[in-house]
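Structure data follow from run_35.txt (compact mmCIF, C-alpha atoms (C1' of nucleotides)):
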```txt
# COMPACT_ATOMS: atom_id res chain seq x y z
CA MET A 17 60.95 104.81 83.72
CA PRO A 18 64.28 103.21 82.81
CA PRO A 19 67.22 104.01 85.05
CA VAL A 20 69.00 107.08 83.86
CA SER A 21 72.20 106.41 82.04
CA PRO A 22 74.88 106.53 84.73
CA ALA A 23 76.49 109.84 83.87
CA THR A 24 77.83 108.49 80.59
CA ARG A 25 81.47 108.38 81.54
CA VAL A 26 83.65 109.97 78.91
CA ARG A 27 86.01 107.47 77.38
CA ASN A 28 89.53 108.61 77.79
CA ALA A 29 92.15 106.03 78.54
CA ALA A 30 94.85 108.48 79.58
CA ALA A 31 92.54 110.37 81.92
CA THR A 32 91.24 107.17 83.46
CA ARG A 33 94.73 105.83 83.95
CA SER A 34 95.86 108.98 85.68
CA ALA A 35 92.71 109.10 87.81
CA ILE A 36 93.49 105.61 89.04
CA LEU A 37 97.09 106.58 89.69
CA GLN A 38 96.07 109.64 91.67
CA ALA A 39 93.47 107.76 93.69
CA ALA A 40 96.06 105.10 94.39
CA ARG A 41 98.55 107.67 95.66
CA GLU A 42 95.95 109.14 97.98
CA ARG A 43 95.05 105.77 99.44
CA PHE A 44 98.60 104.54 99.76
CA ALA A 45 99.50 107.77 101.54
CA ARG A 46 96.90 107.00 104.21
CA ASP A 47 97.09 103.24 104.50
CA SER A 48 99.53 100.42 104.12
CA TYR A 49 99.99 98.47 100.92
CA GLU A 50 98.09 95.48 102.24
CA ASN A 51 95.28 97.57 103.59
CA VAL A 52 94.53 99.36 100.36
CA GLY A 53 92.41 97.30 98.00
CA VAL A 54 92.06 97.70 94.27
CA ARG A 55 88.34 98.15 94.82
CA ASP A 56 89.03 101.10 97.13
CA ILE A 57 91.31 102.65 94.58
CA ALA A 58 88.90 102.09 91.73
CA SER A 59 85.96 103.57 93.57
CA GLY A 60 88.12 106.53 94.52
CA ALA A 61 88.82 107.06 90.85
CA GLY A 62 85.18 106.45 89.97
CA VAL A 63 85.91 103.47 87.77
CA ASP A 64 85.46 99.75 87.81
CA ALA A 65 87.96 97.68 89.74
CA ALA A 66 88.80 95.61 86.71
CA LEU A 67 90.40 98.63 85.07
CA VAL A 68 93.14 98.69 87.69
CA SER A 69 94.38 95.32 86.57
CA ARG A 70 93.84 96.21 82.95
CA TYR A 71 95.80 99.45 83.01
CA PHE A 72 98.55 98.53 85.43
CA GLY A 73 98.77 94.77 85.26
CA SER A 74 98.66 94.20 88.98
CA LYS A 75 98.37 95.99 92.27
CA GLU A 76 102.10 95.58 92.74
CA GLU A 77 102.87 97.25 89.42
CA LEU A 78 100.44 100.02 90.24
CA PHE A 79 102.27 100.62 93.49
CA ALA A 80 105.58 100.72 91.66
CA GLU A 81 104.08 103.29 89.30
CA VAL A 82 102.95 105.40 92.25
CA LEU A 83 106.49 105.41 93.58
CA LYS A 84 107.97 106.18 90.18
CA SER A 85 105.62 109.05 89.46
CA GLY A 86 106.01 110.68 92.86
CA LYS A 87 107.94 113.78 93.67
CA ARG A 88 111.69 113.43 93.78
CA GLY A 89 113.19 114.03 97.19
CA LEU A 90 114.89 117.27 96.25
CA ASP A 91 111.64 118.65 94.88
CA VAL A 92 110.25 118.41 98.39
CA ILE A 93 113.09 119.78 100.47
CA GLY A 94 114.50 122.10 97.83
CA GLU A 95 117.84 122.12 96.06
CA ASP A 96 119.33 125.01 97.95
CA MET A 97 121.47 124.00 100.90
CA ASP A 98 121.08 127.42 102.52
CA GLY A 99 118.24 127.33 104.97
CA LEU A 100 117.48 123.70 104.26
CA PRO A 101 117.29 122.68 107.93
CA GLU A 102 114.68 125.32 108.64
CA ARG A 103 112.71 124.43 105.54
CA VAL A 104 112.62 120.80 106.62
CA ALA A 105 111.48 121.80 110.10
CA ASP A 106 108.67 123.88 108.64
CA LEU A 107 107.67 121.06 106.38
CA LEU A 108 107.34 118.75 109.36
CA LEU A 109 105.58 121.17 111.68
CA ASP A 110 103.18 122.79 109.26
CA GLN A 111 100.08 121.26 107.86
CA PRO A 112 100.77 121.90 104.19
CA ALA A 113 97.54 120.40 102.81
CA GLU A 114 98.25 122.45 99.72
CA ASP A 115 99.72 120.16 97.10
CA LYS A 116 100.58 117.55 99.72
CA PRO A 117 104.32 117.47 99.27
CA LEU A 118 104.70 114.81 101.94
CA ASP A 119 102.30 112.34 100.39
CA ASP A 120 105.12 110.45 98.76
CA LEU A 121 106.93 110.24 102.06
CA LEU A 122 103.77 108.95 103.68
CA VAL A 123 103.40 106.33 101.00
CA ALA A 124 106.86 105.09 101.86
CA LEU A 125 106.22 105.18 105.58
CA HIS A 126 102.94 103.34 105.59
CA SER A 127 104.22 100.49 103.50
CA ALA A 128 107.84 100.36 104.59
CA GLY A 129 107.04 97.36 106.74
CA SER A 130 105.37 95.41 104.00
CA PRO A 131 107.34 92.49 102.60
CA GLN A 132 105.74 92.95 99.20
CA ALA A 133 106.24 96.68 98.91
CA GLY A 134 109.35 96.99 101.04
CA HIS A 135 112.00 96.34 98.45
CA MET A 136 110.36 98.69 95.99
CA ILE A 137 110.32 101.43 98.57
CA ARG A 138 113.93 100.84 99.51
CA ALA A 139 115.02 101.09 95.90
CA SER A 140 112.90 104.15 95.28
CA ILE A 141 114.16 106.02 98.32
CA SER A 142 117.74 105.26 97.44
CA GLU A 143 117.40 106.31 93.83
CA ARG A 144 115.09 109.28 94.27
CA PHE A 145 116.31 110.64 97.57
CA HIS A 146 119.63 109.39 98.93
CA VAL A 147 121.66 109.45 95.73
CA PRO A 148 120.63 112.91 94.48
CA LEU A 149 120.92 114.37 97.96
CA ALA A 150 124.38 112.85 98.35
CA GLN A 151 125.43 114.45 95.08
CA LEU A 152 124.18 117.78 96.32
CA LEU A 153 125.95 117.36 99.64
CA GLY A 154 129.30 116.30 98.30
CA GLY A 155 132.26 115.66 100.55
CA GLU A 156 133.15 112.52 102.41
CA ASN A 157 130.56 109.86 103.23
CA ALA A 158 127.96 111.95 101.48
CA GLU A 159 125.58 109.07 100.98
CA LEU A 160 125.87 107.88 104.55
CA ARG A 161 125.10 111.37 105.80
CA ALA A 162 122.16 111.51 103.42
CA ARG A 163 120.88 108.27 104.90
CA VAL A 164 121.24 109.51 108.45
CA PHE A 165 119.32 112.61 107.48
CA GLY A 166 116.70 110.47 105.80
CA ALA A 167 116.36 108.42 108.96
CA VAL A 168 115.81 111.51 111.09
CA LEU A 169 113.30 112.84 108.59
CA MET A 170 111.49 109.51 108.56
CA GLY A 171 111.26 109.32 112.30
CA MET A 172 109.94 112.84 112.62
CA ALA A 173 107.43 112.28 109.85
CA ILE A 174 106.22 109.07 111.44
CA SER A 175 105.77 110.75 114.79
CA GLN A 176 104.09 113.73 113.28
CA LYS A 177 101.88 112.32 110.57
CA VAL A 178 101.33 108.69 111.29
CA ALA A 179 101.44 108.51 115.05
CA GLY A 180 99.75 111.87 115.41
CA GLU A 181 102.24 113.18 117.90
CA PHE A 182 103.70 116.64 118.32
CA GLU A 183 100.44 118.22 119.26
CA ILE A 184 102.44 121.05 120.65
CA ALA A 185 101.58 124.11 122.61
CA PRO A 186 102.13 127.33 120.65
CA GLU A 187 104.85 128.57 122.96
CA VAL A 188 107.12 125.60 122.30
CA ARG A 189 106.65 125.67 118.57
CA GLU A 190 109.61 127.93 117.87
CA PRO A 191 112.06 126.09 120.11
CA LEU A 192 110.94 122.81 118.60
CA ARG A 193 111.41 124.19 115.12
CA ALA A 194 114.94 125.22 116.05
CA ARG A 195 115.60 121.83 117.60
CA ILE A 196 114.52 119.97 114.47
CA ALA A 197 116.63 122.28 112.33
CA ASP A 198 119.61 121.59 114.56
CA LEU A 199 119.08 117.86 114.28
CA VAL A 200 118.99 118.14 110.50
CA ARG A 201 122.14 120.24 110.50
CA LEU A 202 123.92 117.73 112.67
CA ALA A 203 122.78 114.80 110.57
CA LEU A 204 124.10 116.42 107.41
CA SER A 205 127.34 117.84 108.78
CA PRO A 206 130.72 116.37 107.81
CA LEU A 207 131.41 113.07 109.47
CA MET B 34 99.06 50.53 110.79
CA PRO B 35 97.10 53.41 112.30
CA PRO B 36 98.80 56.81 112.16
CA VAL B 37 100.92 57.39 115.19
CA SER B 38 99.37 59.63 117.74
CA PRO B 39 100.67 63.11 116.85
CA ALA B 40 103.11 63.69 119.68
CA THR B 41 100.32 63.72 122.26
CA ARG B 42 100.42 67.37 123.10
CA VAL B 43 100.48 67.98 126.81
CA ARG B 44 97.46 69.87 127.95
CA ASN B 45 98.54 73.01 129.67
CA ALA B 46 96.50 76.12 129.16
CA ALA B 47 99.07 78.55 130.56
CA ALA B 48 101.90 77.11 128.48
CA THR B 49 99.79 77.13 125.33
CA ARG B 50 98.69 80.67 125.91
CA SER B 51 102.23 81.86 126.37
CA ALA B 52 103.42 79.90 123.34
CA ILE B 53 100.82 81.69 121.25
CA LEU B 54 101.84 85.02 122.74
CA GLN B 55 105.50 84.41 122.00
CA ALA B 56 104.85 83.23 118.47
CA ALA B 57 102.67 86.27 117.92
CA ARG B 58 105.42 88.62 119.09
CA GLU B 59 107.90 87.00 116.71
CA ARG B 60 105.57 87.33 113.76
CA PHE B 61 104.46 90.87 114.54
CA ALA B 62 108.11 91.87 114.88
CA ARG B 63 108.73 90.77 111.32
CA ASP B 64 105.50 91.67 109.57
CA SER B 65 102.71 94.15 109.78
CA TYR B 66 99.50 93.56 111.70
CA GLU B 67 97.52 92.90 108.56
CA ASN B 68 100.13 90.59 107.11
CA VAL B 69 100.30 88.29 110.08
CA GLY B 70 97.51 85.74 110.13
CA VAL B 71 96.21 83.84 113.12
CA ARG B 72 97.02 80.64 111.26
CA ASP B 73 100.66 81.73 110.98
CA ILE B 74 100.79 82.48 114.66
CA ALA B 75 99.09 79.24 115.63
CA SER B 76 101.38 77.11 113.51
CA GLY B 77 104.35 78.97 114.95
CA ALA B 78 103.13 77.99 118.38
CA GLY B 79 102.33 74.47 117.23
CA VAL B 80 98.65 74.73 118.04
CA ASP B 81 95.36 74.96 116.22
CA ALA B 82 94.26 78.34 114.90
CA ALA B 83 91.03 78.18 116.83
CA LEU B 84 92.93 78.44 120.09
CA VAL B 85 94.03 81.95 119.25
CA SER B 86 90.46 83.15 119.28
CA ARG B 87 89.69 81.03 122.28
CA TYR B 88 92.52 82.29 124.46
CA PHE B 89 92.66 85.90 123.37
CA GLY B 90 89.22 86.64 122.04
CA SER B 91 90.38 88.15 118.79
CA LYS B 92 93.48 88.95 116.82
CA GLU B 93 93.17 92.55 117.90
CA GLU B 94 93.12 91.62 121.59
CA LEU B 95 96.07 89.32 121.03
CA PHE B 96 97.99 92.20 119.51
CA ALA B 97 97.12 94.39 122.47
CA GLU B 98 98.41 91.66 124.74
CA VAL B 99 101.68 91.53 122.79
CA LEU B 100 102.11 95.24 123.31
CA LYS B 101 101.24 95.05 126.96
CA SER B 102 103.58 92.17 127.72
CA GLY B 103 106.53 93.66 125.85
CA LYS B 104 109.59 95.22 127.36
CA ARG B 105 109.16 98.68 128.78
CA GLY B 106 111.16 101.35 127.00
CA LEU B 107 113.54 101.95 129.85
CA ASP B 108 114.33 98.26 130.06
CA VAL B 109 115.73 98.51 126.56
CA ILE B 110 117.77 101.69 126.75
CA GLY B 111 118.59 101.48 130.44
CA GLU B 112 117.65 103.72 133.33
CA ASP B 113 121.02 105.37 133.71
CA MET B 114 121.34 108.68 131.88
CA ASP B 115 125.14 108.46 131.85
CA GLY B 116 126.30 106.94 128.61
CA LEU B 117 122.76 106.58 127.34
CA PRO B 118 123.49 108.10 123.92
CA GLU B 119 126.30 105.63 123.31
CA ARG B 120 124.21 102.72 124.50
CA VAL B 121 121.46 103.68 122.10
CA ALA B 122 123.95 103.94 119.25
CA ASP B 123 125.29 100.48 120.03
CA LEU B 124 121.80 99.10 120.20
CA LEU B 125 121.08 100.43 116.73
CA LEU B 126 124.36 99.43 115.11
CA ASP B 127 124.82 96.02 116.64
CA GLN B 128 122.92 92.92 115.77
CA PRO B 129 121.85 91.94 119.28
CA ALA B 130 120.08 88.68 118.36
CA GLU B 131 120.48 87.77 122.00
CA ASP B 132 117.16 88.27 123.70
CA LYS B 133 115.97 90.53 120.91
CA PRO B 134 115.54 93.74 122.87
CA LEU B 135 114.35 95.58 119.80
CA ASP B 136 111.56 93.19 118.94
CA ASP B 137 109.01 95.34 120.67
CA LEU B 138 110.22 98.36 118.77
CA LEU B 139 109.92 96.40 115.55
CA VAL B 140 106.39 95.38 116.42
CA ALA B 141 105.52 99.04 116.74
CA LEU B 142 107.30 100.00 113.55
CA HIS B 143 105.79 97.35 111.33
CA SER B 144 102.26 98.10 112.35
CA ALA B 145 102.48 101.82 113.04
CA GLY B 146 100.76 102.48 109.73
CA SER B 147 97.89 100.17 110.35
CA PRO B 148 94.58 101.84 111.12
CA GLN B 149 93.53 98.91 113.30
CA ALA B 150 96.72 98.63 115.31
CA GLY B 151 97.80 102.24 115.13
CA HIS B 152 95.94 103.65 118.08
CA MET B 153 97.02 100.79 120.30
CA ILE B 154 100.63 101.37 119.37
CA ARG B 155 100.35 105.08 119.98
CA ALA B 156 98.91 104.53 123.43
CA SER B 157 101.46 101.89 124.26
CA ILE B 158 104.44 103.98 123.18
CA SER B 159 103.20 106.93 125.14
CA GLU B 160 102.55 104.96 128.29
CA ARG B 161 105.51 102.60 128.18
CA PHE B 162 108.15 104.84 126.67
CA HIS B 163 107.47 108.58 126.55
CA VAL B 164 106.02 109.06 129.99
CA PRO B 165 108.60 107.06 131.99
CA LEU B 166 111.45 108.53 129.96
CA ALA B 167 110.10 112.02 130.56
CA GLN B 168 110.04 111.34 134.29
CA LEU B 169 113.61 110.20 134.10
CA LEU B 170 114.64 113.23 132.10
CA GLY B 171 112.95 115.85 134.22
CA GLY B 172 113.26 119.52 133.49
CA GLU B 173 111.24 121.62 131.09
CA ASN B 174 109.33 120.07 128.20
CA ALA B 175 110.54 116.68 129.28
CA GLU B 176 107.83 114.81 127.43
CA LEU B 177 108.36 116.76 124.23
CA ARG B 178 112.07 116.01 124.36
CA ALA B 179 111.27 112.36 124.98
CA ARG B 180 109.10 112.36 121.90
CA VAL B 181 111.77 113.96 119.77
CA PHE B 182 114.21 111.34 120.98
CA GLY B 183 111.66 108.65 120.24
CA ALA B 184 111.25 109.99 116.74
CA VAL B 185 114.99 109.88 116.09
CA LEU B 186 115.19 106.38 117.50
CA MET B 187 112.27 105.28 115.35
CA GLY B 188 113.75 106.67 112.19
CA MET B 189 117.11 105.05 112.82
CA ALA B 190 115.51 101.74 113.67
CA ILE B 191 113.41 101.85 110.53
CA SER B 192 116.40 102.57 108.37
CA GLN B 193 118.46 99.92 110.07
CA LYS B 194 116.07 97.06 110.56
CA VAL B 195 113.20 97.49 108.19
CA ALA B 196 114.80 99.21 105.26
CA GLY B 197 118.01 97.27 105.64
CA GLU B 198 120.21 100.32 105.36
CA PHE B 199 123.39 101.24 107.16
CA GLU B 200 125.37 98.44 105.60
CA ILE B 201 128.41 100.38 106.52
CA ALA B 202 132.08 99.94 105.87
CA PRO B 203 134.04 99.11 109.03
CA GLU B 204 136.05 102.31 108.94
CA VAL B 205 132.99 104.53 109.22
CA ARG B 206 131.41 102.54 111.99
CA GLU B 207 132.99 104.53 114.81
CA PRO B 208 132.22 107.96 113.35
CA LEU B 209 128.66 106.84 112.69
CA ARG B 210 128.33 105.60 116.23
CA ALA B 211 129.50 108.97 117.49
CA ARG B 212 127.12 110.76 115.16
CA ILE B 213 124.13 108.79 116.36
CA ALA B 214 125.13 109.40 119.96
CA ASP B 215 125.38 113.12 119.24
CA LEU B 216 121.94 113.13 117.67
CA VAL B 217 120.51 111.42 120.73
CA ARG B 218 122.24 113.90 123.03
CA LEU B 219 120.89 116.80 121.04
CA ALA B 220 117.38 115.37 120.98
CA LEU B 221 117.35 114.97 124.75
CA SER B 222 119.09 118.20 125.69
CA PRO B 223 117.17 121.07 127.33
CA LEU B 224 114.96 122.90 124.95
C1' DT C 206 86.84 53.32 138.40
C1' DG C 207 83.70 56.66 136.77
C1' DG C 208 82.43 61.24 135.96
C1' DT C 209 83.39 65.93 134.81
C1' DC C 210 85.52 69.75 133.27
C1' DA C 211 89.31 71.77 130.73
C1' DT C 212 91.80 71.54 126.63
C1' DG C 213 92.61 70.61 121.79
C1' DT C 214 90.86 69.41 116.89
C1' DC C 215 88.26 69.89 112.93
C1' DA C 216 85.19 71.68 109.48
C1' DA C 217 82.91 75.31 107.94
C1' DC C 218 81.01 80.03 108.03
C1' DA C 219 80.79 84.55 105.79
C1' DG C 220 83.56 88.03 104.14
C1' DT C 221 87.37 89.78 101.67
C1' DT C 222 91.17 89.80 98.39
C1' DG C 223 93.49 90.23 93.52
C1' DC C 224 92.47 89.03 89.21
C1' DT C 225 90.20 87.25 84.72
C1' DG C 226 87.11 86.42 80.91
C1' DA C 227 82.92 87.34 78.56
C1' DC C 228 80.20 90.90 77.21
C1' DA C 229 78.29 95.93 76.36
C1' DA C 230 78.83 100.23 74.41
C1' DG C 231 81.05 104.45 72.97
C1' DA C 232 84.40 106.19 69.43
C1' DT C 233 86.59 106.15 64.97
C1' DG C 234 87.43 105.54 60.11
C1' DA C 235 85.86 103.83 55.51
C1' DT D 254 75.90 103.51 57.61
C1' DC D 255 78.64 99.75 58.68
C1' DA D 256 82.58 97.58 60.66
C1' DT D 257 86.35 97.73 63.86
C1' DC D 258 88.89 98.92 67.67
C1' DT D 259 88.98 100.86 72.21
C1' DT D 260 87.10 101.57 76.62
C1' DG D 261 84.15 100.32 80.42
C1' DT D 262 81.01 96.92 83.04
C1' DC D 263 79.78 92.88 85.21
C1' DA D 264 79.88 88.37 87.33
C1' DG D 265 82.56 85.22 89.23
C1' DC D 266 86.71 82.45 90.44
C1' DA D 267 90.04 80.66 93.68
C1' DA D 268 92.49 81.78 97.58
C1' DC D 269 92.65 83.70 101.73
C1' DT D 270 90.95 86.00 106.21
C1' DG D 271 89.15 85.91 111.38
C1' DT D 272 85.93 83.55 113.88
C1' DT D 273 82.63 80.02 115.61
C1' DG D 274 80.38 75.78 117.04
C1' DA D 275 80.29 70.88 117.33
C1' DC D 276 82.96 67.33 118.64
C1' DA D 277 86.98 64.40 120.59
C1' DT D 278 90.15 63.60 124.18
C1' DG D 279 93.14 64.29 127.74
C1' DA D 280 93.63 65.32 132.95
C1' DC D 281 91.95 65.38 137.38
C1' DC D 282 88.91 64.54 141.43
C1' DA D 283 85.58 61.79 144.18
```

Before anything else, please render the file you have as structure tokens.
Amino acid sequence: MPPVSPATRVRNAAATRSAILQAARERFARDSYENVGVRDIASGAGVDAALVSRYFGSKEELFAEVLKSGKRGLDVIGEDMDGLPERVADLLLDQPAEDKPLDDLLVALHSAGSPQAGHMIRASISERFHVPLAQLLGGENAELRARVFGAVLMGMAISQKVAGEFEIAPEVREPLRARIADLVRLALSPL
Amino acid sequence: MPPVSPATRVRNAAATRSAILQAARERFARDSYENVGVRDIASGAGVDAALVSRYFGSKEELFAEVLKSGKRGLDVIGEDMDGLPERVADLLLDQPAEDKPLDDLLVALHSAGSPQAGHMIRASISERFHVPLAQLLGGENAELRARVFGAVLMGMAISQKVAGEFEIAPEVREPLRARIADLVRLALSPL
DNA sequence: TGGTCATGTCAACAGTTGCTGACAAGATGA
DNA sequence: TCATCTTGTCAGCAACTGTTGACATGACCA
């Protein structure tokens, strides 16, 4: 008996491209730029590795596309300044798992140290997070305050998601939530 | 004319081992675990790449040795609680360049995302930073507060060193220093 | 001096990486 | 139905990785 035709993949360039992009985002959110291979990505998307190069030119361009197509910072933390500190605290303490709003942050974190991906991440964070947040903040040194806030957010996210810390007892959850909110408030307050 | 004998390296196992260790720390402070090769390290130490495996067993064991031989957290931020927030702020804002007290922090940051090096870093940070700092802090939830402080420190260090941010105008330097110190104070305060 | 062990060098290994070109095969229009 | 373009597959390249074993050579002791 001849081997069955392997599921006769439907030919759809746009769908394939976006499958690769999505698989790439998933991998880059869990590993560093260097540690994610195009073969991993391709197999995650269920396609041949050669298509990654074909559709995106290179791994580096694919990574840039992942950054570009990610959520904008304000989509994650919300545009409303009221209650923002508490929302951020919840975001950090909860396990969203829903539509993975922190995936883009994780992508940045995992590859922030990479010399190849670093400058792309820096530019992306500035353009997609610091600048719009600074506009929303207004006032003096808005961008500097946005960066301080970003730094606090980064550190918390690293500890929580990457380093696996903050395995906290239930009774300290509320105080910790309040503490994080206070830190955010302080970071954003007039300077 | 025969090629001159290449500087006739003195044979000294201890010195060679420590040269490799030092070169490894320098590289790991500037690049991620995956991105640093044993050949880079060896050439930085002026020795053959094979000696890395010989003296340390494997790249992974060498990395563990780098972590183990690094400065302890309290050696960097000081044991005295008085003025600690300001000292930390100075540490972050200045370019020490002296004996590179932040190199060990950078090692952790660059490779925190690595699946191979991650668990080692987590263990090392906990043992060499969180636990002793918690003892120094005392009081309720000391270790949790130490971790929150560590998270803030991490985020600032990432923004400053890795992401190259905080290129600040001279006139905001003082307010920023005060802000960072306040954040540290808040992170460490009773919860 | 001669012998022996520690130390350093070299070449090569098996595996991986990103990427490319030749080819197969579905889809589309005449 | 035939030709053409698009989409997907496959094999393989060249460069790199960590690691190993065989070998050379220095240092040290009897």

Could you check how far atom CA of B:Ser144 sits from atom CA of A:Gly129, in Å to one decimal?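 Computed distance, atom CA of B:Ser144 to atom CA of A:Gly129, equals 7.4 Å.
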
Distance limit 12 Å, atoms considered: all atoms listed in the file. Which chain B residues sit that close to chain D? Return them as a list in words.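 For chain B, the answer reads Ser38, Thr41, Arg42, Val43, Arg44, Asn45, Ala46, Glu67, Asn68, Val69, Gly70, Val71, Arg72, Asp73, Ala82, Ala83, Leu84, Val85, Ser86, Arg87, Phe89, Gly90, Ser91, Lys92 and Glu93 of chain B.
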
Residue hits in chain B, query chain A, radius 7 Å, only C-alpha atoms, as a VMD selection string: chain B and resid 64 to 65 67 143 146 to 147 155 184 to 185 187 to 189 192 195 to 196 208 216 224

Measure the distance from atom CA of A:Ala58 to atom CA of A:Ala124 in Å and round it to one decimal.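 So the answer is 20.8 Å.
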
Nearby residues (only C-alpha atoms (C1' of nucleotides)) at most 10 Å from stretch 96-100 of chain A, same-chain spacing under 5 positions excluded, as a ChimeraX atom specification: /A:90,105-106,152-153,197,200-201

What does the distance from atom CA of A:Gly89 to atom CA of A:Gln151 come to in Å, to one decimal?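 Between atom CA of A:Gly89 and atom CA of A:Gln151 the gap is 12.4 Å.
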
Could you tell me which residues of chain C sit within 10 Å of chain A when counting all atoms listed in the file, and give me the result as a VMD selection string? chain C and resid 221 to 225 231 to 232
